[in-house]
>>> print(open('run-v5.cif').read())   # mmCIF, C-alpha atoms and all ligand atoms
data_work
loop_
_atom_site.label_atom_id
_atom_site.label_comp_id
_atom_site.auth_asym_id
_atom_site.auth_seq_id
_atom_site.Cartn_x
_atom_site.Cartn_y
_atom_site.Cartn_z
CA MET A 1 -29.61 -13.68 19.83
CA LYS A 2 -32.63 -11.64 20.90
CA GLY A 3 -36.19 -12.75 20.20
CA PRO A 4 -39.35 -10.65 19.66
CA LEU A 5 -40.83 -8.71 22.56
CA PHE A 6 -43.78 -9.98 24.59
CA TYR A 7 -45.72 -7.54 26.73
CA SER A 8 -47.27 -7.48 30.17
CA LYS A 9 -51.07 -7.41 30.50
CA ILE A 10 -53.72 -5.95 32.73
CA LEU A 11 -56.93 -7.75 33.55
CA LEU A 12 -59.07 -4.62 33.83
CA PHE A 13 -62.08 -6.57 35.08
CA GLY A 14 -62.93 -10.20 35.75
CA GLU A 15 -60.40 -11.49 38.31
CA TYR A 16 -61.95 -14.42 40.20
CA GLY A 17 -65.24 -13.89 38.38
CA ILE A 18 -63.86 -15.58 35.26
CA ILE A 19 -63.30 -18.71 37.31
CA ARG A 20 -67.08 -18.62 37.89
CA ASP A 21 -68.05 -17.59 34.37
CA SER A 22 -68.30 -13.82 34.67
CA LYS A 23 -67.08 -11.61 31.87
CA GLY A 24 -63.45 -10.51 31.77
CA LEU A 25 -61.49 -7.88 29.88
CA ALA A 26 -57.72 -8.03 29.49
CA ILE A 27 -55.59 -5.48 27.68
CA PRO A 28 -51.89 -5.53 26.78
CA TYR A 29 -49.75 -3.18 28.86
CA ASN A 30 -46.77 -2.16 26.77
CA PHE A 31 -44.85 -0.44 29.54
CA TYR A 32 -43.17 -3.74 30.47
CA ASN A 33 -41.89 -6.45 28.18
CA GLY A 34 -39.58 -9.41 27.89
CA ALA A 35 -37.69 -11.35 25.21
CA LEU A 36 -35.69 -14.56 25.01
CA LYS A 37 -32.03 -13.74 24.88
CA LYS A 38 -28.49 -15.14 25.18
CA SER A 39 -25.61 -13.27 26.64
CA GLU A 40 -21.85 -13.90 26.87
CA GLU A 41 -21.68 -12.55 30.40
CA PRO A 42 -24.95 -13.37 32.14
CA SER A 43 -26.03 -11.39 35.21
CA ASP A 44 -27.25 -13.16 38.36
CA GLU A 45 -30.79 -12.49 37.20
CA ALA A 46 -30.08 -14.09 33.82
CA ILE A 47 -28.61 -17.15 35.53
CA ALA A 48 -31.71 -17.50 37.74
CA SER A 49 -34.00 -17.08 34.74
CA ASN A 50 -32.02 -19.69 32.79
CA LYS A 51 -32.44 -22.11 35.68
CA SER A 52 -36.20 -21.54 35.68
CA LEU A 53 -36.29 -22.14 31.88
CA ARG A 54 -34.43 -25.40 32.38
CA SER A 55 -37.16 -26.77 34.68
CA PHE A 56 -39.84 -25.38 32.40
CA ALA A 57 -38.30 -27.25 29.44
CA SER A 58 -38.47 -30.52 31.40
CA TYR A 59 -42.11 -29.80 32.25
CA LEU A 60 -42.93 -29.19 28.58
CA GLU A 61 -41.32 -32.49 27.68
CA VAL A 62 -43.66 -34.31 30.09
CA LEU A 63 -46.63 -32.27 28.87
CA GLN A 64 -46.06 -33.20 25.23
CA THR A 65 -45.54 -36.87 26.09
CA GLN A 66 -48.80 -36.91 28.03
CA GLN A 67 -50.80 -34.84 25.56
CA PRO A 68 -49.23 -35.05 22.11
CA ASP A 69 -52.51 -33.90 20.55
CA LEU A 70 -52.47 -30.67 22.53
CA VAL A 71 -49.09 -29.28 21.53
CA THR A 72 -45.57 -30.39 20.59
CA PHE A 73 -42.32 -28.45 20.68
CA ASP A 74 -38.93 -28.46 19.04
CA LEU A 75 -37.49 -29.71 22.31
CA GLU A 76 -34.05 -30.36 20.93
CA SER A 77 -33.58 -26.68 20.01
CA LEU A 78 -35.15 -25.54 23.27
CA LYS A 79 -32.88 -27.72 25.39
CA ASN A 80 -29.87 -26.76 23.34
CA ASP A 81 -30.65 -23.04 23.73
CA VAL A 82 -31.14 -23.47 27.47
CA GLU A 83 -27.83 -25.35 27.73
CA THR A 84 -26.11 -22.47 25.95
CA GLY A 85 -27.46 -19.86 28.36
CA MET A 86 -30.80 -18.66 27.01
CA TYR A 87 -32.93 -16.70 29.49
CA PHE A 88 -36.01 -14.48 29.51
CA ASP A 89 -34.79 -10.91 29.66
CA SER A 90 -37.80 -9.16 31.15
CA SER A 91 -38.74 -5.90 32.83
CA ILE A 92 -42.13 -7.34 33.89
CA PRO A 93 -42.25 -7.45 37.71
CA GLN A 94 -42.88 -10.95 39.05
CA GLY A 95 -45.88 -11.65 41.28
CA TYR A 96 -47.41 -8.26 40.53
CA GLY A 97 -50.46 -9.40 38.58
CA VAL A 98 -49.26 -8.10 35.24
CA GLY A 99 -48.38 -11.45 33.71
CA SER A 100 -44.64 -12.07 33.93
CA SER A 101 -45.07 -15.84 33.52
CA GLY A 102 -47.65 -15.27 30.77
CA ALA A 103 -45.18 -13.33 28.64
CA LEU A 104 -42.57 -16.04 29.15
CA VAL A 105 -45.01 -18.78 28.11
CA ALA A 106 -45.97 -16.77 25.00
CA ALA A 107 -42.31 -16.33 24.05
CA ILE A 108 -41.55 -20.05 24.41
CA TYR A 109 -44.63 -21.08 22.43
CA ASP A 110 -43.77 -18.58 19.71
CA LYS A 111 -40.23 -19.85 19.31
CA TYR A 112 -40.56 -23.60 19.83
CA ALA A 113 -44.12 -24.84 19.24
CA ALA A 114 -44.70 -27.02 16.18
CA ASN A 115 -47.64 -26.06 13.89
CA LYS A 116 -48.27 -22.98 15.95
CA ILE A 117 -51.35 -20.86 15.60
CA THR A 118 -50.12 -17.44 14.52
CA VAL A 119 -51.40 -13.94 15.06
CA LEU A 120 -51.64 -13.42 11.32
CA GLU A 121 -54.25 -16.04 10.55
CA ASN A 122 -57.99 -15.77 10.91
CA LEU A 123 -58.43 -16.30 14.63
CA THR A 124 -61.72 -18.14 14.91
CA ARG A 125 -63.29 -18.70 18.32
CA GLU A 126 -62.18 -22.36 18.16
CA LYS A 127 -58.56 -21.41 17.48
CA LEU A 128 -58.59 -18.88 20.32
CA LEU A 129 -59.98 -21.46 22.72
CA HIS A 130 -57.43 -24.03 21.60
CA LEU A 131 -54.60 -21.54 22.15
CA LYS A 132 -55.99 -20.62 25.56
CA ASN A 133 -56.10 -24.28 26.50
CA ILE A 134 -52.47 -24.84 25.41
CA PHE A 135 -51.37 -21.75 27.33
CA SER A 136 -53.36 -22.76 30.40
CA GLN A 137 -51.50 -26.07 30.60
CA MET A 138 -48.13 -24.52 29.86
CA GLU A 139 -48.57 -21.76 32.45
CA SER A 140 -49.83 -24.05 35.19
CA PHE A 141 -46.16 -24.96 35.66
CA PHE A 142 -45.67 -21.55 37.29
CA HIS A 143 -48.68 -21.22 39.56
CA GLY A 144 -50.92 -24.27 39.48
CA LYS A 145 -54.33 -23.56 38.02
CA SER A 146 -54.19 -21.02 35.21
CA SER A 147 -56.88 -19.79 32.84
CA GLY A 148 -54.28 -19.25 30.10
CA LEU A 149 -55.54 -15.75 29.56
CA ASP A 150 -52.28 -13.96 30.43
CA PRO A 151 -50.15 -15.77 27.82
CA LEU A 152 -52.96 -15.42 25.27
CA ASN A 153 -53.04 -11.67 25.79
CA SER A 154 -49.28 -11.40 25.62
CA TYR A 155 -49.04 -13.61 22.52
CA LEU A 156 -51.71 -11.77 20.55
CA SER A 157 -51.01 -8.31 21.95
CA ILE A 158 -54.64 -7.26 21.52
CA PRO A 159 -57.47 -6.79 24.04
CA ILE A 160 -59.41 -9.95 24.83
CA LEU A 161 -63.00 -10.12 25.98
CA ILE A 162 -64.07 -13.19 27.92
CA ASN A 163 -67.81 -13.64 27.63
CA SER A 164 -67.77 -16.93 29.52
CA LYS A 165 -65.36 -19.84 29.97
CA ASP A 166 -65.89 -21.17 26.45
CA ASN A 167 -66.63 -17.95 24.69
CA ILE A 168 -63.74 -15.55 24.18
CA GLN A 169 -63.00 -13.06 21.46
CA THR A 170 -60.52 -10.38 20.54
CA THR A 171 -61.98 -6.92 20.87
CA GLY A 172 -61.30 -3.25 20.34
CA ILE A 173 -61.40 -0.74 23.19
CA PRO A 174 -62.30 2.96 22.90
CA THR A 175 -59.33 5.07 21.82
CA GLN A 176 -57.59 6.82 24.68
CA SER A 177 -58.01 10.50 25.07
CA VAL A 178 -54.46 11.55 25.94
CA ASP A 179 -55.50 14.82 27.52
CA GLY A 180 -58.59 13.34 29.23
CA LYS A 181 -59.00 13.99 32.94
CA GLY A 182 -60.19 10.47 33.68
CA ALA A 183 -57.73 7.62 34.10
CA VAL A 184 -57.10 4.02 34.96
CA PHE A 185 -53.90 3.68 36.98
CA LEU A 186 -51.78 1.16 38.83
CA LEU A 187 -50.88 1.63 42.46
CA ASP A 188 -47.76 -0.20 43.59
CA SER A 189 -48.38 -1.99 46.91
CA GLY A 190 -44.67 -2.66 47.25
CA ILE A 191 -45.45 -6.25 48.26
CA VAL A 192 -44.93 -9.34 46.08
CA GLY A 193 -48.16 -11.31 45.82
CA GLU A 194 -48.56 -15.02 45.27
CA THR A 195 -51.34 -16.23 43.02
CA ALA A 196 -51.85 -19.81 44.24
CA PRO A 197 -52.71 -19.11 47.94
CA MET A 198 -55.12 -16.33 46.92
CA ILE A 199 -56.99 -18.68 44.60
CA SER A 200 -57.16 -21.27 47.42
CA ILE A 201 -58.78 -18.69 49.72
CA PHE A 202 -61.29 -17.86 47.01
CA MET A 203 -62.11 -21.53 46.38
CA GLU A 204 -62.58 -22.08 50.11
CA SER A 205 -64.92 -19.05 50.35
CA LEU A 206 -67.02 -20.51 47.54
CA LYS A 207 -68.14 -23.27 49.90
CA ASP A 208 -70.17 -20.63 51.72
CA LYS A 209 -73.67 -20.05 50.36
CA GLY A 210 -73.68 -16.38 51.34
CA PHE A 211 -70.39 -15.78 49.55
CA ARG A 212 -71.71 -17.46 46.41
CA ALA A 213 -74.81 -15.28 46.51
CA MET A 214 -72.71 -12.12 46.97
CA LEU A 215 -70.55 -13.19 44.05
CA LYS A 216 -73.45 -13.67 41.71
CA ASN A 217 -75.66 -10.78 42.81
CA GLN A 218 -72.99 -8.18 43.33
CA PHE A 219 -69.42 -8.96 42.28
CA VAL A 220 -70.16 -10.61 38.93
CA LYS A 221 -73.04 -8.24 38.26
CA TYR A 222 -70.88 -5.11 38.64
CA THR A 223 -67.94 -6.70 36.85
CA ASP A 224 -70.11 -7.43 33.81
CA ILE A 225 -71.67 -3.95 33.84
CA CYS A 226 -68.26 -2.25 34.15
CA ILE A 227 -67.00 -4.16 31.11
CA ASP A 228 -70.03 -3.15 29.07
CA ASN A 229 -69.60 0.49 30.15
CA PHE A 230 -65.91 0.45 29.29
CA LEU A 231 -66.34 -1.14 25.87
CA HIS A 232 -69.12 1.30 24.97
CA GLY A 233 -67.06 4.27 26.16
CA ASP A 234 -69.73 5.14 28.74
CA MET A 235 -67.22 6.47 31.25
CA LYS A 236 -69.74 8.28 33.42
CA SER A 237 -71.56 5.02 34.20
CA LEU A 238 -68.23 3.20 34.43
CA ILE A 239 -67.09 5.42 37.28
CA GLY A 240 -70.36 4.89 39.18
CA ASN A 241 -70.17 1.14 38.75
CA THR A 242 -66.47 0.86 39.68
CA LYS A 243 -67.45 2.59 42.93
CA LYS A 244 -69.97 -0.17 43.60
CA LEU A 245 -67.42 -2.82 42.64
CA SER A 246 -64.79 -1.20 44.87
CA LYS A 247 -67.14 -1.41 47.88
CA VAL A 248 -68.05 -5.04 47.21
CA VAL A 249 -64.38 -6.00 46.95
CA LEU A 250 -63.42 -4.18 50.15
CA ASN A 251 -66.25 -5.86 52.05
CA ASN A 252 -65.78 -9.38 50.67
CA PHE A 253 -62.22 -9.84 49.39
CA LYS A 254 -60.27 -8.49 52.37
CA PRO A 255 -57.62 -11.28 52.37
CA MET A 256 -56.69 -10.23 48.82
CA ILE A 257 -56.07 -6.60 49.87
CA PRO A 258 -52.88 -5.95 51.85
CA GLU A 259 -53.95 -4.63 55.24
CA GLN A 260 -52.15 -1.30 54.98
CA PHE A 261 -54.30 -0.48 51.92
CA HIS A 262 -57.71 -0.99 53.54
CA ALA A 263 -57.85 2.62 54.76
CA ILE A 264 -56.95 4.29 51.45
CA TRP A 265 -59.36 1.93 49.67
CA GLN A 266 -62.15 3.24 51.93
CA GLN A 267 -60.87 6.81 51.56
CA GLY A 268 -61.36 6.63 47.79
CA ILE A 269 -64.97 5.54 48.27
CA ASP A 270 -65.63 8.27 50.86
CA THR A 271 -64.05 11.16 48.92
CA ASN A 272 -64.91 9.97 45.37
CA ASP A 273 -61.34 10.93 44.39
CA TYR A 274 -60.65 7.41 43.04
CA TYR A 275 -61.94 3.85 43.32
CA LEU A 276 -59.67 0.86 43.85
CA LYS A 277 -60.11 -2.73 42.70
CA LEU A 278 -57.97 -5.85 42.51
CA CYS A 279 -55.50 -6.25 39.66
CA GLY A 280 -55.34 -9.99 39.04
CA SER A 281 -55.41 -12.22 42.08
CA GLY A 282 -54.25 -9.55 44.56
CA GLY A 283 -52.45 -10.24 47.83
CA GLY A 284 -49.89 -7.60 46.88
CA GLY A 285 -48.42 -6.49 43.57
CA TYR A 286 -50.45 -3.82 41.84
CA ILE A 287 -53.85 -2.47 42.82
CA LEU A 288 -55.91 -1.00 40.00
CA GLY A 289 -57.46 2.47 40.34
CA PHE A 290 -60.16 4.35 38.41
CA THR A 291 -60.68 8.09 38.64
CA GLU A 292 -62.67 10.84 36.96
CA ASP A 293 -59.95 13.31 37.78
CA LEU A 294 -56.37 12.12 37.71
CA GLU A 295 -54.95 15.24 39.35
CA ARG A 296 -57.33 14.87 42.28
CA ALA A 297 -56.46 11.19 42.64
CA LYS A 298 -52.74 12.01 42.52
CA ALA A 299 -53.13 14.66 45.22
CA SER A 300 -55.18 12.32 47.37
CA LEU A 301 -52.63 9.49 46.93
CA LYS A 302 -49.55 11.71 47.06
CA ASP A 303 -47.55 9.24 49.15
CA TYR A 304 -47.89 6.52 46.51
CA LYS A 305 -46.48 5.87 43.08
CA LEU A 306 -49.16 5.82 40.37
CA GLU A 307 -48.65 4.49 36.84
CA VAL A 308 -51.29 5.64 34.37
CA VAL A 309 -52.36 2.87 31.99
CA TYR A 310 -55.32 4.43 30.18
CA GLN A 311 -56.76 7.94 29.93
CA PHE A 312 -60.30 8.92 29.03
N1 LIG B 401 -37.79 -13.41 33.42
C1 LIG B 401 -38.16 -14.60 33.90
N2 LIG B 401 -37.36 -15.67 33.77
C2 LIG B 401 -37.72 -16.87 34.26
N3 LIG B 401 -38.87 -17.11 34.92
C3 LIG B 401 -39.71 -16.08 35.08
C4 LIG B 401 -39.42 -14.78 34.57
N4 LIG B 401 -40.45 -13.96 34.86
C5 LIG B 401 -41.36 -14.72 35.52
N5 LIG B 401 -40.93 -15.98 35.67
C6 LIG B 401 -41.62 -17.09 36.36
O1 LIG B 401 -42.96 -16.70 36.59
C7 LIG B 401 -43.27 -16.72 38.00
C8 LIG B 401 -44.19 -15.58 38.35
O2 LIG B 401 -45.42 -15.75 37.72
P1 LIG B 401 -46.85 -15.56 38.42
O3 LIG B 401 -46.82 -16.23 39.76
O4 LIG B 401 -47.84 -15.97 37.41
O5 LIG B 401 -46.94 -14.02 38.69
P2 LIG B 401 -47.34 -12.87 37.69
O6 LIG B 401 -47.79 -13.50 36.40
O7 LIG B 401 -48.44 -12.16 38.42
O8 LIG B 401 -46.13 -12.05 37.52
C9 LIG B 401 -41.91 -16.58 38.66
O9 LIG B 401 -41.92 -17.14 39.95
C10 LIG B 401 -40.99 -17.33 37.71
O10 LIG B 401 -41.05 -18.72 37.94
C1 LIG B 402 -57.47 -14.72 39.86
C2 LIG B 402 -57.58 -15.01 38.36
O1 LIG B 402 -58.96 -14.94 37.99
C3 LIG B 402 -56.89 -13.93 37.58
C4 LIG B 402 -55.43 -14.11 37.35
O2 LIG B 402 -54.66 -13.47 38.30
P1 LIG B 402 -53.07 -13.15 38.03
O3 LIG B 402 -53.05 -12.17 36.89
O4 LIG B 402 -52.40 -14.44 37.68
O5 LIG B 402 -52.65 -12.57 39.33
C5 LIG B 402 -57.04 -16.41 38.09
C6 LIG B 402 -57.26 -16.92 36.68
O6 LIG B 402 -58.36 -16.74 36.13
O7 LIG B 402 -56.31 -17.53 36.15
#
>>> encode(input="run-v5.cif", output="structure tokens", more="lines below")
Ligand SMILES: Nc1ncnc2c1ncn2[C@@H]1O[C@H](COP(=O)(O)OP(=O)(O)O)[C@@H](O)[C@H]1O
Ligand SMILES: C[C@@](O)(CCOP(=O)(O)O)CC(=O)O
Amino acid sequence: MKGPLFYSKILLFGEYGIIRDSKGLAIPYNFYNGALKKSEEPSDEAIASNKSLRSFASYLEVLQTQQPDLVTFDLESLKNDVETGMYFDSSIPQGYGVGSSGALVAAIYDKYAANKITVLENLTREKLLHLKNIFSQMESFFHGKSSGLDPLNSYLSIPILINSKDNIQTTGIPTQSVDGKGAVFLLDSGIVGETAPMISIFMESLKDKGFRAMLKNQFVKYTDICIDNFLHGDMKSLIGNTKKLSKVVLNNFKPMIPEQFHAIWQQGIDTNDYYLKLCGSGGGGYILGFTEDLERAKASLKDYKLEVVYQF
């Protein structure tokens, strides 16, 4: 048995802001994927994954008992498959901000949900919101509060634009220019991040009036402008505004940036070779980079591994 593939995602813009109603833009990232699978001779990884699925199945049982109107599953098949060794065979790194638990949630919903909303039907705003709500509650098993956006992106495999909490839509993004000099890339911090403590730090910071003002007048403002620039293919403005965003993040989201990356973050701003921003909740995992000139960014970051995700 091997199920369909579910992909990783990248939240290009909107981390933290979407908790406070900024815009957000998430795109599928097809470099990594995962699928439900059974194997005769499971590896240690498969055994660990199976164990995690077992607890997830119990959680879903409670969820559907508590909220039968939200979603129900074919629990008998799910439990039976878990008993007979099913696991999530995935190349998506865990705790890296590219949605490993989101892809898993999407795969489970796809295979076991009753009356599921499918990708093929007309996805009205109401249906999208309903799906996001289901996914949010399913995914909260893995890291507490979840917006449900990761599984939604993985399930639909199309870019999603968040206009506000209750207003989301699927969207197109400008076609890549494969020989373009400009690029969006991932920088591997080599550290596994944890989502929940980062969100706690953010929530704590929100108690401060100055932080709230910075968020509204700078962070959310530049996030929203960057998304507009990106969607309209205005890459010149995008680069200028990611520079502003990069500065705001370095000055105000330090706990979310591993310490050994503070200097190269600043170096990008000083040299204009690249601009860094958070990729998801931060604290490790990937850092997202934007550059007008990929070769220059590569030379400047020669000691690091870059993965290009989009060229323009
Ligand atoms: N292949 C897998 N099999 C079982 N559980 C997985 C798998 N991949 C991810 N998970 C679960 O998802 C958690 C990581 O999700 P999360 O904290 O949301 O990080 P991220 O989504 O940034 O990768 C893991 O701790 C694990 O419980
Ligand atoms: C920090 C946050 O805004 C983005 C998600 O981060 P991550 O991809 O789970 O690391 C949290 C959320 O909106 O669920």
>>> atom_distance(input="run-v5.cif", atom1="CA of Pro4 (chain A)", atom2="CA of Asn33 (chain A)")
9.8 Å
>>> closest_residue(input="run-v5.cif", among="A:Ser246, A:Ser189, A:Asn272, A:Gln176", to="Gly233 (chain A)", atoms="all atoms listed in the file")
A:Gln176
>>> residues_near_ligand(input="run-v5.cif", ligand="ligand LIG 401 (chain B)", cutoff="6 Å", atoms="all atoms listed in the file", output="list in words")
Ser49, Ser52, Leu53, Phe88, Asp89, Ser90, Gln94, Gly95, Tyr96, Gly97, Val98, Gly99, Ser100, Ser101, Gly102, Phe142, His143, Glu194 and Thr195 of chain A
>>> residues_around(input="run-v5.cif", residues="region 290-293 of chain A", least_positions_apart="6", cutoff="9 Å", atoms="all atoms listed in the file", output="short mmCIF file (atom, residue, chain, number, x, y, z; two decimals) with C-alpha atoms, in the coordinates of the input")
data_model
loop_
_atom_site.label_atom_id
_atom_site.label_comp_id
_atom_site.auth_asym_id
_atom_site.auth_seq_id
_atom_site.Cartn_x
_atom_site.Cartn_y
_atom_site.Cartn_z
CA GLY A 180 -58.59 13.34 29.23
CA LYS A 181 -59.00 13.99 32.94
CA GLY A 182 -60.19 10.47 33.68
CA ALA A 183 -57.73 7.62 34.10
CA VAL A 184 -57.10 4.02 34.96
CA PHE A 185 -53.90 3.68 36.98
CA LEU A 186 -51.78 1.16 38.83
CA MET A 235 -67.22 6.47 31.25
CA LYS A 236 -69.74 8.28 33.42
CA ILE A 239 -67.09 5.42 37.28
CA THR A 242 -66.47 0.86 39.68
CA LYS A 243 -67.45 2.59 42.93
CA ASN A 272 -64.91 9.97 45.37
CA ASP A 273 -61.34 10.93 44.39
CA TYR A 274 -60.65 7.41 43.04
CA TYR A 275 -61.94 3.85 43.32
CA LEU A 276 -59.67 0.86 43.85
CA LYS A 277 -60.11 -2.73 42.70
CA PHE A 312 -60.30 8.92 29.03
#
>>> closest_residue(input="run-v5.cif", among="A:Trp265, A:Phe13, A:Tyr155, A:Tyr310", to="ligand LIG 402 (chain B)", atoms="all atoms listed in the file")
A:Phe13
>>> closest_atom_pairs(input="run-v5.cif", of="chain A", to="ligand LIG 402 (chain B)", cutoff="9 Å", atoms="all atoms listed in the file", output="Markdown table")
| residue | atom | partner | partner_atom | distance |
| --- | --- | --- | --- | --- |
| A:Lys9 | CA | B:LIG402 | O3 | 8.2 |
| A:Ile10 | CA | B:LIG402 | O3 | 7.5 |
| A:Leu11 | CA | B:LIG402 | O3 | 6.8 |
| A:Gly14 | CA | B:LIG402 | O1 | 6.6 |
| A:Glu15 | CA | B:LIG402 | O1 | 3.8 |
| A:Tyr16 | CA | B:LIG402 | O1 | 3.8 |
| A:Gly17 | CA | B:LIG402 | O1 | 6.4 |
| A:Ile18 | CA | B:LIG402 | O1 | 5.6 |
| A:Ile19 | CA | B:LIG402 | O6 | 5.4 |
| A:Arg20 | CA | B:LIG402 | O1 | 8.9 |
| A:Gly24 | CA | B:LIG402 | O1 | 8.9 |
| A:Gly95 | CA | B:LIG402 | O5 | 7.1 |
| A:Tyr96 | CA | B:LIG402 | O5 | 6.9 |
| A:Gly97 | CA | B:LIG402 | O5 | 3.9 |
| A:Val98 | CA | B:LIG402 | O3 | 5.8 |
| A:Gly99 | CA | B:LIG402 | O3 | 5.7 |
| A:Ser100 | CA | B:LIG402 | O3 | 8.9 |
| A:Ser101 | CA | B:LIG402 | O4 | 8.5 |
| A:Gly102 | CA | B:LIG402 | O4 | 8.4 |
| A:Ser136 | CA | B:LIG402 | O7 | 8.3 |
| A:His143 | CA | B:LIG402 | O4 | 8.0 |
| A:Lys145 | CA | B:LIG402 | O7 | 6.6 |
| A:Ser146 | CA | B:LIG402 | O7 | 4.2 |
| A:Ser147 | CA | B:LIG402 | O7 | 4.0 |
| A:Gly148 | CA | B:LIG402 | O7 | 6.6 |
| A:Leu149 | CA | B:LIG402 | O7 | 6.9 |
| A:Asp150 | CA | B:LIG402 | O3 | 6.7 |
| A:Gly193 | CA | B:LIG402 | O5 | 8.0 |
| A:Glu194 | CA | B:LIG402 | O5 | 7.6 |
| A:Thr195 | CA | B:LIG402 | O5 | 5.4 |
| A:Ala196 | CA | B:LIG402 | O4 | 8.5 |
| A:Met198 | CA | B:LIG402 | C1 | 7.6 |
| A:Ile199 | CA | B:LIG402 | C1 | 6.2 |
| A:Phe202 | CA | B:LIG402 | C1 | 8.7 |
| A:Cys279 | CA | B:LIG402 | O5 | 6.9 |
| A:Gly280 | CA | B:LIG402 | O2 | 3.6 |
| A:Ser281 | CA | B:LIG402 | O5 | 3.9 |
| A:Gly282 | CA | B:LIG402 | O5 | 6.2 |
| A:Gly283 | CA | B:LIG402 | O5 | 8.8 |
| A:Gly285 | CA | B:LIG402 | O5 | 8.5 |
>>> closest_residue(input="run-v5.cif", among="A:Leu63, A:Ile47, A:Leu25, A:Leu123", to="Ile225 (chain A)", atoms="all atoms listed in the file")
A:Leu25
>>> atom_distance(input="run-v5.cif", atom1="CA of Lys132 (chain A)", atom2="CA of Leu152 (chain A)")
6.0 Å
>>> residues_near_point(input="run-v5.cif", point="(-73.2, -4.9, 41.8)", cutoff="12 Å", atoms="all atoms listed in the file", output="ChimeraX atom specification")
/A:213-226,240-249
>>> closest_residue(input="run-v5.cif", among="A:Phe261, A:Thr170, A:Leu60, A:Lys165", to="Phe135 (chain A)", atoms="only C-alpha atoms")
A:Leu60
>>> atom_distance(input="run-v5.cif", atom1="CA of Ala35 (chain A)", atom2="CA of Ala106 (chain A)")
9.9 Å
>>> residues_around(input="run-v5.cif", residues="Asp303 (chain A)", least_positions_apart="3", cutoff="12 Å", atoms="all atoms listed in the file", output="PyMOL selection string")
chain A and resi 187-189+264+297-300+306
>>> closest_residue(input="run-v5.cif", among="A:Ile92, A:Leu129, A:Leu301, A:Ile168", to="Phe31 (chain A)", atoms="all atoms listed in the file")
A:Ile92
>>> residues_around(input="run-v5.cif", residues="Pro159 (chain A)", least_positions_apart="3", cutoff="8 Å", atoms="all atoms listed in the file", output="mmCIF file with C-alpha atoms, in the coordinates of the input")
data_model
loop_
_atom_site.group_PDB
_atom_site.id
_atom_site.type_symbol
_atom_site.label_atom_id
_atom_site.label_comp_id
_atom_site.auth_asym_id
_atom_site.auth_seq_id
_atom_site.Cartn_x
_atom_site.Cartn_y
_atom_site.Cartn_z
ATOM 1 C CA LEU A 25 -61.490 -7.880 29.880
ATOM 2 C CA ALA A 26 -57.720 -8.030 29.490
ATOM 3 C CA ILE A 27 -55.590 -5.480 27.680
ATOM 4 C CA PRO A 28 -51.890 -5.530 26.780
ATOM 5 C CA ASN A 153 -53.040 -11.670 25.790
ATOM 6 C CA THR A 170 -60.520 -10.380 20.540
ATOM 7 C CA THR A 171 -61.980 -6.920 20.870
ATOM 8 C CA GLY A 172 -61.300 -3.250 20.340
ATOM 9 C CA ILE A 173 -61.400 -0.740 23.190
#
>>> closest_residue(input="run-v5.cif", among="A:Ile160, A:Ala46, A:Ser55, A:Pro255", to="Ser200 (chain A)", atoms="all atoms listed in the file")
A:Pro255
>>> axis_aligned_box(input="run-v5.cif", around="region 88-93 of chain A", padding_each_side="8 Å", output="lines of an AutoDock Vina configuration file")
center_x = -38.5
center_y = -10.2
center_z = 33.6
size_x = 23.5
size_y = 24.6
size_z = 24.2
